>>> print(open('final-v3.cif').read())   # mmCIF, C-alpha atoms and all ligand atoms
data_my_file
loop_
_atom_site.label_atom_id
_atom_site.label_comp_id
_atom_site.auth_asym_id
_atom_site.auth_seq_id
_atom_site.Cartn_x
_atom_site.Cartn_y
_atom_site.Cartn_z
CA GLY A 3 80.59 70.65 -16.02
CA PRO A 4 78.61 67.82 -14.45
CA GLU A 5 79.65 64.22 -15.09
CA LEU A 6 77.55 62.75 -17.94
CA PRO A 7 77.17 59.02 -18.69
CA LEU A 8 79.84 59.05 -21.43
CA THR A 9 82.18 61.77 -20.15
CA GLY A 10 85.78 60.87 -21.04
CA ARG A 11 84.72 58.23 -23.59
CA HIS A 12 85.47 58.23 -27.33
CA ILE A 13 82.66 56.89 -29.51
CA LEU A 14 83.34 56.19 -33.20
CA ILE A 15 80.36 56.02 -35.55
CA THR A 16 80.00 55.37 -39.29
CA ALA A 17 76.88 56.49 -41.11
CA GLY A 18 75.35 56.87 -44.54
CA PRO A 19 76.14 54.99 -47.74
CA THR A 20 79.42 54.77 -49.59
CA HIS A 21 79.65 55.71 -53.26
CA GLU A 22 81.84 53.54 -55.45
CA PRO A 23 82.57 55.31 -58.73
CA ILE A 24 81.90 53.60 -62.08
CA ASP A 25 82.92 56.65 -64.08
CA PRO A 26 82.84 60.42 -63.36
CA VAL A 27 79.02 60.53 -63.42
CA ARG A 28 77.90 57.11 -62.11
CA TYR A 29 78.36 55.14 -58.91
CA ILE A 30 77.29 52.02 -56.99
CA ALA A 31 75.63 52.62 -53.62
CA ASN A 32 73.26 51.16 -51.03
CA ARG A 33 70.11 52.95 -49.93
CA SER A 34 70.89 54.88 -46.75
CA SER A 35 69.78 58.32 -45.58
CA GLY A 36 72.29 58.41 -42.71
CA LYS A 37 69.51 59.50 -40.31
CA GLN A 38 69.92 56.66 -37.79
CA GLY A 39 73.71 57.01 -37.59
CA PHE A 40 73.55 60.80 -37.26
CA ALA A 41 70.91 60.45 -34.51
CA ILE A 42 73.23 58.06 -32.64
CA ALA A 43 76.13 60.51 -32.99
CA ALA A 44 73.95 63.32 -31.62
CA ALA A 45 72.82 61.15 -28.69
CA ALA A 46 76.42 60.14 -27.87
CA ALA A 47 77.49 63.81 -27.85
CA ARG A 48 74.55 64.72 -25.56
CA ALA A 49 75.71 61.95 -23.24
CA GLY A 50 79.10 63.66 -22.94
CA ALA A 51 81.24 61.52 -25.26
CA ARG A 52 83.88 62.73 -27.67
CA VAL A 53 82.29 61.61 -30.93
CA THR A 54 83.93 60.93 -34.28
CA LEU A 55 81.37 60.53 -37.06
CA VAL A 56 82.72 59.11 -40.32
CA ALA A 57 80.02 60.00 -42.82
CA GLY A 58 79.46 58.85 -46.36
CA PRO A 59 77.78 61.20 -48.84
CA VAL A 60 74.55 62.36 -47.15
CA ASN A 61 72.66 65.59 -46.98
CA LEU A 62 72.49 66.05 -43.19
CA PRO A 63 73.79 68.73 -40.82
CA THR A 64 76.56 67.78 -38.40
CA PRO A 65 75.10 67.21 -34.92
CA GLN A 66 76.27 69.60 -32.21
CA GLY A 67 79.52 68.62 -30.53
CA VAL A 68 80.40 65.96 -33.12
CA GLU A 69 83.64 65.76 -35.09
CA ARG A 70 82.68 64.76 -38.62
CA MET A 71 84.89 63.28 -41.32
CA ASN A 72 83.36 63.08 -44.78
CA VAL A 73 84.28 60.18 -47.04
CA GLU A 74 83.06 58.87 -50.36
CA THR A 75 84.16 55.25 -50.78
CA ALA A 76 84.44 52.19 -48.53
CA ARG A 77 88.20 52.32 -48.67
CA GLU A 78 88.20 55.97 -47.57
CA MET A 79 85.78 55.05 -44.77
CA MET A 80 88.08 52.20 -43.66
CA ALA A 81 91.09 54.57 -43.55
CA ALA A 82 89.18 57.26 -41.61
CA VAL A 83 87.93 54.69 -39.07
CA GLU A 84 91.43 53.30 -38.48
CA ALA A 85 92.85 56.83 -38.15
CA ALA A 86 90.23 57.61 -35.47
CA LEU A 87 91.23 54.68 -33.19
CA PRO A 88 91.41 54.05 -30.29
CA ALA A 89 87.75 54.21 -29.30
CA ASP A 90 85.80 52.92 -26.32
CA ALA A 91 82.89 51.96 -28.54
CA ALA A 92 82.47 51.78 -32.30
CA ILE A 93 79.00 51.76 -33.80
CA MET A 94 79.10 50.85 -37.48
CA VAL A 95 75.82 52.10 -38.91
CA ALA A 96 76.99 52.84 -42.46
CA ALA A 97 75.52 50.90 -45.37
CA VAL A 98 78.87 50.17 -46.97
CA ALA A 99 78.84 48.98 -50.58
CA ASP A 100 80.03 45.38 -50.62
CA TRP A 101 81.66 45.79 -54.03
CA ARG A 102 83.44 48.46 -56.02
CA THR A 103 84.38 48.52 -59.67
CA ALA A 104 87.74 46.90 -60.36
CA ASP A 105 88.88 50.14 -61.98
CA ALA A 106 86.70 53.20 -62.37
CA SER A 107 86.79 54.78 -65.82
CA GLY A 108 88.37 58.23 -66.03
CA GLN A 109 85.90 59.19 -68.77
CA LYS A 110 82.14 58.77 -69.00
CA ILE A 111 81.38 55.31 -70.40
CA LYS A 112 79.41 55.66 -73.67
CA LYS A 113 76.92 53.31 -75.28
CA ASP A 114 78.80 51.70 -78.15
CA GLY A 115 75.76 51.14 -80.38
CA SER A 116 75.98 47.32 -80.21
CA GLY A 117 73.03 47.06 -77.81
CA LYS A 118 75.28 45.23 -75.34
CA PRO A 119 75.82 46.94 -71.98
CA ALA A 120 79.35 47.87 -70.98
CA PRO A 121 80.81 45.13 -68.76
CA LEU A 122 81.30 46.02 -65.09
CA SER A 123 83.90 44.06 -63.22
CA LEU A 124 83.51 44.21 -59.43
CA VAL A 125 85.86 43.48 -56.53
CA GLU A 126 84.99 43.13 -52.85
CA ASN A 127 85.39 46.10 -50.51
CA PRO A 128 87.02 45.82 -47.08
CA ASP A 129 84.56 44.92 -44.32
CA ILE A 130 85.13 47.72 -41.80
CA LEU A 131 83.21 46.08 -38.95
CA ALA A 132 84.96 42.72 -39.40
CA THR A 133 88.34 44.48 -39.63
CA LEU A 134 87.71 46.17 -36.26
CA GLY A 135 86.57 42.82 -34.83
CA LYS A 136 90.09 41.44 -35.12
CA HIS A 137 92.01 44.74 -34.90
CA GLY A 138 94.97 45.26 -32.56
CA GLN A 139 93.11 48.33 -31.26
CA ARG A 140 89.67 46.67 -31.18
CA PRO A 141 87.20 49.02 -29.48
CA THR A 142 86.02 47.77 -26.07
CA LEU A 143 82.48 47.59 -27.36
CA LEU A 144 81.95 46.85 -31.06
CA ILE A 145 78.46 47.24 -32.49
CA GLY A 146 77.24 46.46 -35.99
CA PHE A 147 73.96 47.09 -37.72
CA ALA A 148 72.22 44.64 -40.02
CA ALA A 149 69.51 45.53 -42.47
CA GLU A 150 67.68 42.32 -43.27
CA THR A 151 64.56 41.46 -45.21
CA GLU A 152 63.96 37.96 -43.76
CA LYS A 153 65.03 35.73 -40.80
CA VAL A 154 66.19 38.96 -39.20
CA THR A 155 67.43 37.65 -35.84
CA ASP A 156 68.90 34.40 -37.26
CA HIS A 157 71.01 36.37 -39.68
CA ALA A 158 71.98 38.84 -36.95
CA ARG A 159 73.16 36.04 -34.66
CA ALA A 160 75.30 34.59 -37.46
CA LYS A 161 76.71 38.06 -38.14
CA LEU A 162 77.80 38.52 -34.50
CA ALA A 163 80.19 35.60 -34.80
CA LYS A 164 81.30 36.27 -38.38
CA LYS A 165 82.20 39.91 -37.72
CA GLY A 166 83.56 39.53 -34.18
CA ALA A 167 81.10 42.14 -32.88
CA ASP A 168 79.62 42.38 -29.37
CA TRP A 169 76.16 43.47 -30.47
CA ILE A 170 74.29 43.48 -33.76
CA VAL A 171 71.40 45.89 -34.10
CA ALA A 172 69.13 44.21 -36.63
CA ASN A 173 66.37 46.01 -38.44
CA ASP A 174 63.72 44.62 -40.72
CA VAL A 175 63.76 46.63 -43.93
CA SER A 176 61.41 44.34 -45.84
CA GLY A 177 58.80 47.09 -46.38
CA ALA A 178 58.43 48.56 -49.86
CA PRO A 179 60.81 51.44 -50.61
CA GLY A 180 59.13 54.65 -49.53
CA ALA A 181 56.90 52.90 -47.01
CA SER A 182 59.82 51.60 -44.98
CA VAL A 183 62.59 52.28 -42.55
CA MET A 184 64.90 53.65 -45.25
CA GLY A 185 64.69 57.40 -45.39
CA GLY A 186 61.85 57.37 -42.85
CA ASP A 187 61.90 58.61 -39.27
CA ALA A 188 60.88 55.40 -37.47
CA ASN A 189 62.66 52.12 -36.92
CA SER A 190 62.08 48.71 -35.32
CA VAL A 191 65.24 47.06 -34.06
CA HIS A 192 66.38 43.88 -32.37
CA ILE A 193 69.58 44.13 -30.33
CA VAL A 194 71.29 40.75 -30.58
CA THR A 195 74.03 40.05 -28.00
CA ALA A 196 75.60 36.96 -26.43
CA ASP A 197 72.96 37.30 -23.67
CA GLY A 198 69.91 37.24 -25.95
CA ILE A 199 67.68 39.56 -27.91
CA GLU A 200 66.05 42.85 -26.93
CA SER A 201 63.41 44.22 -29.33
CA TRP A 202 62.40 47.87 -29.65
CA GLU A 203 59.39 48.18 -31.94
CA ASN A 204 58.37 51.13 -34.09
CA LEU A 205 60.23 53.95 -32.39
CA PRO A 206 61.44 57.25 -33.82
CA LYS A 207 65.09 56.98 -34.90
CA ASP A 208 66.14 59.53 -32.27
CA VAL A 209 64.53 57.42 -29.51
CA VAL A 210 66.33 54.31 -30.82
CA ALA A 211 69.53 56.40 -30.72
CA THR A 212 69.02 57.64 -27.15
CA ARG A 213 68.21 54.13 -25.86
CA LEU A 214 71.16 52.59 -27.68
CA ILE A 215 73.52 55.18 -26.20
CA GLU A 216 72.09 54.53 -22.69
CA LYS A 217 72.79 50.82 -23.23
CA VAL A 218 76.34 51.61 -24.45
CA ALA A 219 77.02 53.80 -21.39
CA HIS A 220 75.74 51.05 -19.12
CA ALA A 221 77.90 48.39 -20.81
CA LEU A 222 81.04 50.58 -20.70
CA SER A 223 80.51 51.48 -17.03
CA ALA A 224 80.56 47.77 -16.23
CA ARG A 225 83.99 47.38 -17.87
CA PRO A 226 87.39 48.74 -16.89
CA ASP A 227 88.97 51.33 -19.23
O1 LIG B 301 77.21 42.00 -43.80
P1 LIG B 301 76.41 43.25 -43.69
O2 LIG B 301 76.75 44.28 -44.72
O3 LIG B 301 74.92 43.02 -43.60
O4 LIG B 301 76.83 43.83 -42.27
C1 LIG B 301 76.33 45.03 -41.83
C2 LIG B 301 77.24 45.60 -40.79
O5 LIG B 301 78.59 45.55 -41.23
C3 LIG B 301 76.96 47.07 -40.55
O6 LIG B 301 77.33 47.37 -39.23
C4 LIG B 301 77.88 47.74 -41.55
O7 LIG B 301 78.18 49.07 -41.17
C5 LIG B 301 79.09 46.84 -41.48
N1 LIG B 301 79.86 46.77 -42.73
C6 LIG B 301 81.12 47.35 -42.78
N2 LIG B 301 81.87 47.25 -43.93
C7 LIG B 301 81.38 46.59 -45.00
C8 LIG B 301 80.10 46.00 -44.97
C9 LIG B 301 79.37 46.11 -43.81
O8 LIG B 301 81.55 47.95 -41.80
N3 LIG B 301 82.13 46.52 -46.10
#
>>> encode(input="final-v3.cif", output="structure tokens", more="lines below")
Ligand code: C5P
Amino acid sequence: GPELPLTGRHILITAGPTHEPIDPVRYIANRSSGKQGFAIAAAAARAGARVTLVAGPVNLPTPQGVERMNVETAREMMAAVEAALPADAAIMVAAVADWRTADASGQKIKKDGSGKPAPLSLVENPDILATLGKHGQRPTLLIGFAAETEKVTDHARAKLAKKGADWIVANDVSGAPGASVMGGDANSVHIVTADGIESWENLPKDVVATRLIEKVAHALSARPD
């Protein structure tokens, strides 16, 4: 077929939340519909890339031409991402839970009648983006997302350095749940790179996805394989 902008490239994408079990019926999770990450995977496939989409638990169909790996927890997501390397670009859109329970209970935790809640002891999850930032097989272009409620671009700039990423796509999620980016179809993003900030205001998530993939193709075409 005709040469497309990402023909011959491998693009690795994470999307959705992770679920960290507390017991067989309860879990810890972030709010994430997976819509933005799935839209980016679809756009990358349309642009001719081989796409690996590592998806947390979401209720979304697999975009055409995308290889999907379903995971539940952050540690499973980390393992699936490492198994999918090497990649020309990695776009980490997933809202990974920062903490998991130190040990999930095999049985449903019951109220003990004392009125005191059962203690939950948490441990930190691996940071998948930061792990790729210093990985022996670091993708050529490493992109993180940042959902922030205040000082959006300041926090994004700090995150670039801390995670060893090339770009951070920051979005302001300060709106009330239900009236906001989360679960909705529109997004406003600020792409923070070493060169500065580019802002795309109030666009449908699939337009954000198409533009981001155009920018990825442009950046990769400027670099040797
Ligand atoms: O630090 P924060 O969670 O705001 O960073 C968000 C970025 O880091 C996103 O790209 C997200 O996918 C990634 N991340 C990750 N693994 C984690 C936490 C965040 O890959 N454990």
>>> residues_near_ligand(input="final-v3.cif", ligand="ligand LIG 301 (chain B)", cutoff="9 Å", atoms="all atoms listed in the file", output="tab-separated table (two decimals) with C-alpha atoms, keeping the file's coordinate frame")
chain	number	residue	atom	x	y	z
A	16	THR	CA	80.00	55.37	-39.29
A	17	ALA	CA	76.88	56.49	-41.11
A	18	GLY	CA	75.35	56.87	-44.54
A	76	ALA	CA	84.44	52.19	-48.53
A	77	ARG	CA	88.20	52.32	-48.67
A	79	MET	CA	85.78	55.05	-44.77
A	80	MET	CA	88.08	52.20	-43.66
A	93	ILE	CA	79.00	51.76	-33.80
A	94	MET	CA	79.10	50.85	-37.48
A	95	VAL	CA	75.82	52.10	-38.91
A	96	ALA	CA	76.99	52.84	-42.46
A	97	ALA	CA	75.52	50.90	-45.37
A	98	VAL	CA	78.87	50.17	-46.97
A	99	ALA	CA	78.84	48.98	-50.58
A	100	ASP	CA	80.03	45.38	-50.62
A	101	TRP	CA	81.66	45.79	-54.03
A	126	GLU	CA	84.99	43.13	-52.85
A	127	ASN	CA	85.39	46.10	-50.51
A	128	PRO	CA	87.02	45.82	-47.08
A	129	ASP	CA	84.56	44.92	-44.32
A	130	ILE	CA	85.13	47.72	-41.80
A	131	LEU	CA	83.21	46.08	-38.95
A	132	ALA	CA	84.96	42.72	-39.40
A	133	THR	CA	88.34	44.48	-39.63
A	134	LEU	CA	87.71	46.17	-36.26
A	145	ILE	CA	78.46	47.24	-32.49
A	146	GLY	CA	77.24	46.46	-35.99
A	147	PHE	CA	73.96	47.09	-37.72
A	148	ALA	CA	72.22	44.64	-40.02
A	149	ALA	CA	69.51	45.53	-42.47
A	150	GLU	CA	67.68	42.32	-43.27
A	157	HIS	CA	71.01	36.37	-39.68
A	158	ALA	CA	71.98	38.84	-36.95
A	161	LYS	CA	76.71	38.06	-38.14
A	164	LYS	CA	81.30	36.27	-38.38
A	165	LYS	CA	82.20	39.91	-37.72
A	170	ILE	CA	74.29	43.48	-33.76
A	171	VAL	CA	71.40	45.89	-34.10
A	172	ALA	CA	69.13	44.21	-36.63
>>> residues_near_point(input="final-v3.cif", point="(71.6, 55.3, -42.4)", cutoff="12 Å", atoms="all atoms listed in the file", output="PDB file with C-alpha atoms, keeping the file's coordinate frame")
ATOM      1  CA  ILE A  15      80.360  56.020 -35.550  1.00  0.00           C
ATOM      2  CA  THR A  16      80.000  55.370 -39.290  1.00  0.00           C
ATOM      3  CA  ALA A  17      76.880  56.490 -41.110  1.00  0.00           C
ATOM      4  CA  GLY A  18      75.350  56.870 -44.540  1.00  0.00           C
ATOM      5  CA  PRO A  19      76.140  54.990 -47.740  1.00  0.00           C
ATOM      6  CA  THR A  20      79.420  54.770 -49.590  1.00  0.00           C
ATOM      7  CA  ASN A  32      73.260  51.160 -51.030  1.00  0.00           C
ATOM      8  CA  ARG A  33      70.110  52.950 -49.930  1.00  0.00           C
ATOM      9  CA  SER A  34      70.890  54.880 -46.750  1.00  0.00           C
ATOM     10  CA  SER A  35      69.780  58.320 -45.580  1.00  0.00           C
ATOM     11  CA  GLY A  36      72.290  58.410 -42.710  1.00  0.00           C
ATOM     12  CA  LYS A  37      69.510  59.500 -40.310  1.00  0.00           C
ATOM     13  CA  GLN A  38      69.920  56.660 -37.790  1.00  0.00           C
ATOM     14  CA  GLY A  39      73.710  57.010 -37.590  1.00  0.00           C
ATOM     15  CA  PHE A  40      73.550  60.800 -37.260  1.00  0.00           C
ATOM     16  CA  ALA A  41      70.910  60.450 -34.510  1.00  0.00           C
ATOM     17  CA  ILE A  42      73.230  58.060 -32.640  1.00  0.00           C
ATOM     18  CA  ALA A  43      76.130  60.510 -32.990  1.00  0.00           C
ATOM     19  CA  VAL A  56      82.720  59.110 -40.320  1.00  0.00           C
ATOM     20  CA  ALA A  57      80.020  60.000 -42.820  1.00  0.00           C
ATOM     21  CA  GLY A  58      79.460  58.850 -46.360  1.00  0.00           C
ATOM     22  CA  PRO A  59      77.780  61.200 -48.840  1.00  0.00           C
ATOM     23  CA  VAL A  60      74.550  62.360 -47.150  1.00  0.00           C
ATOM     24  CA  ASN A  61      72.660  65.590 -46.980  1.00  0.00           C
ATOM     25  CA  LEU A  62      72.490  66.050 -43.190  1.00  0.00           C
ATOM     26  CA  ILE A  93      79.000  51.760 -33.800  1.00  0.00           C
ATOM     27  CA  MET A  94      79.100  50.850 -37.480  1.00  0.00           C
ATOM     28  CA  VAL A  95      75.820  52.100 -38.910  1.00  0.00           C
ATOM     29  CA  ALA A  96      76.990  52.840 -42.460  1.00  0.00           C
ATOM     30  CA  ALA A  97      75.520  50.900 -45.370  1.00  0.00           C
ATOM     31  CA  VAL A  98      78.870  50.170 -46.970  1.00  0.00           C
ATOM     32  CA  PHE A 147      73.960  47.090 -37.720  1.00  0.00           C
ATOM     33  CA  ALA A 148      72.220  44.640 -40.020  1.00  0.00           C
ATOM     34  CA  ALA A 149      69.510  45.530 -42.470  1.00  0.00           C
ATOM     35  CA  ASN A 173      66.370  46.010 -38.440  1.00  0.00           C
ATOM     36  CA  VAL A 175      63.760  46.630 -43.930  1.00  0.00           C
ATOM     37  CA  VAL A 183      62.590  52.280 -42.550  1.00  0.00           C
ATOM     38  CA  MET A 184      64.900  53.650 -45.250  1.00  0.00           C
ATOM     39  CA  GLY A 185      64.690  57.400 -45.390  1.00  0.00           C
ATOM     40  CA  GLY A 186      61.850  57.370 -42.850  1.00  0.00           C
ATOM     41  CA  ASP A 187      61.900  58.610 -39.270  1.00  0.00           C
ATOM     42  CA  ALA A 188      60.880  55.400 -37.470  1.00  0.00           C
ATOM     43  CA  ASN A 189      62.660  52.120 -36.920  1.00  0.00           C
ATOM     44  CA  LYS A 207      65.090  56.980 -34.900  1.00  0.00           C
ATOM     45  CA  ALA A 211      69.530  56.400 -30.720  1.00  0.00           C
TER      46      ALA A 211
END
>>> closest_residue(input="final-v3.cif", among="A:Ile111, A:Val125, A:Val27, A:Val209", to="Ser190 (chain A)", atoms="only C-alpha atoms")
A:Val209
>>> atom_distance(input="final-v3.cif", atom1="CA of Ile199 (chain A)", atom2="CA of Ala46 (chain A)")
22.4 Å
>>> atom_distance(input="final-v3.cif", atom1="CA of Leu162 (chain A)", atom2="CA of Ile215 (chain A)")
19.1 Å
>>> atom_distance(input="final-v3.cif", atom1="CA of Leu122 (chain A)", atom2="CA of Asn72 (chain A)")
26.6 Å
>>> closest_residue(input="final-v3.cif", among="A:His192, A:Arg213, A:Arg28, A:His12", to="Ala92 (chain A)", atoms="all atoms listed in the file")
A:His12
>>> residues_around(input="final-v3.cif", residues="Ala219 (chain A)", least_positions_apart="5", cutoff="12 Å", atoms="all atoms listed in the file", output="MDAnalysis selection string")
chainID A and resid 6:13 45:51 90:91 142:143 212:214 224:225
>>> closest_residue(input="final-v3.cif", among="A:Asp25, A:Asp156, A:Asp174, A:Glu69", to="Ser107 (chain A)", atoms="all atoms listed in the file")
A:Asp25
>>> closest_residue(input="final-v3.cif", among="A:Pro141, A:Ala167, A:Ile24, A:Arg52", to="Pro121 (chain A)", atoms="all atoms listed in the file")
A:Ile24
>>> axis_aligned_box(input="final-v3.cif", around="region 88-104 of chain A", padding_each_side="6 Å", output="JSON")
{"center_x": 83.5, "center_y": 49.8, "center_z": -43.3, "size_x": 27.9, "size_y": 20.8, "size_z": 46.0}
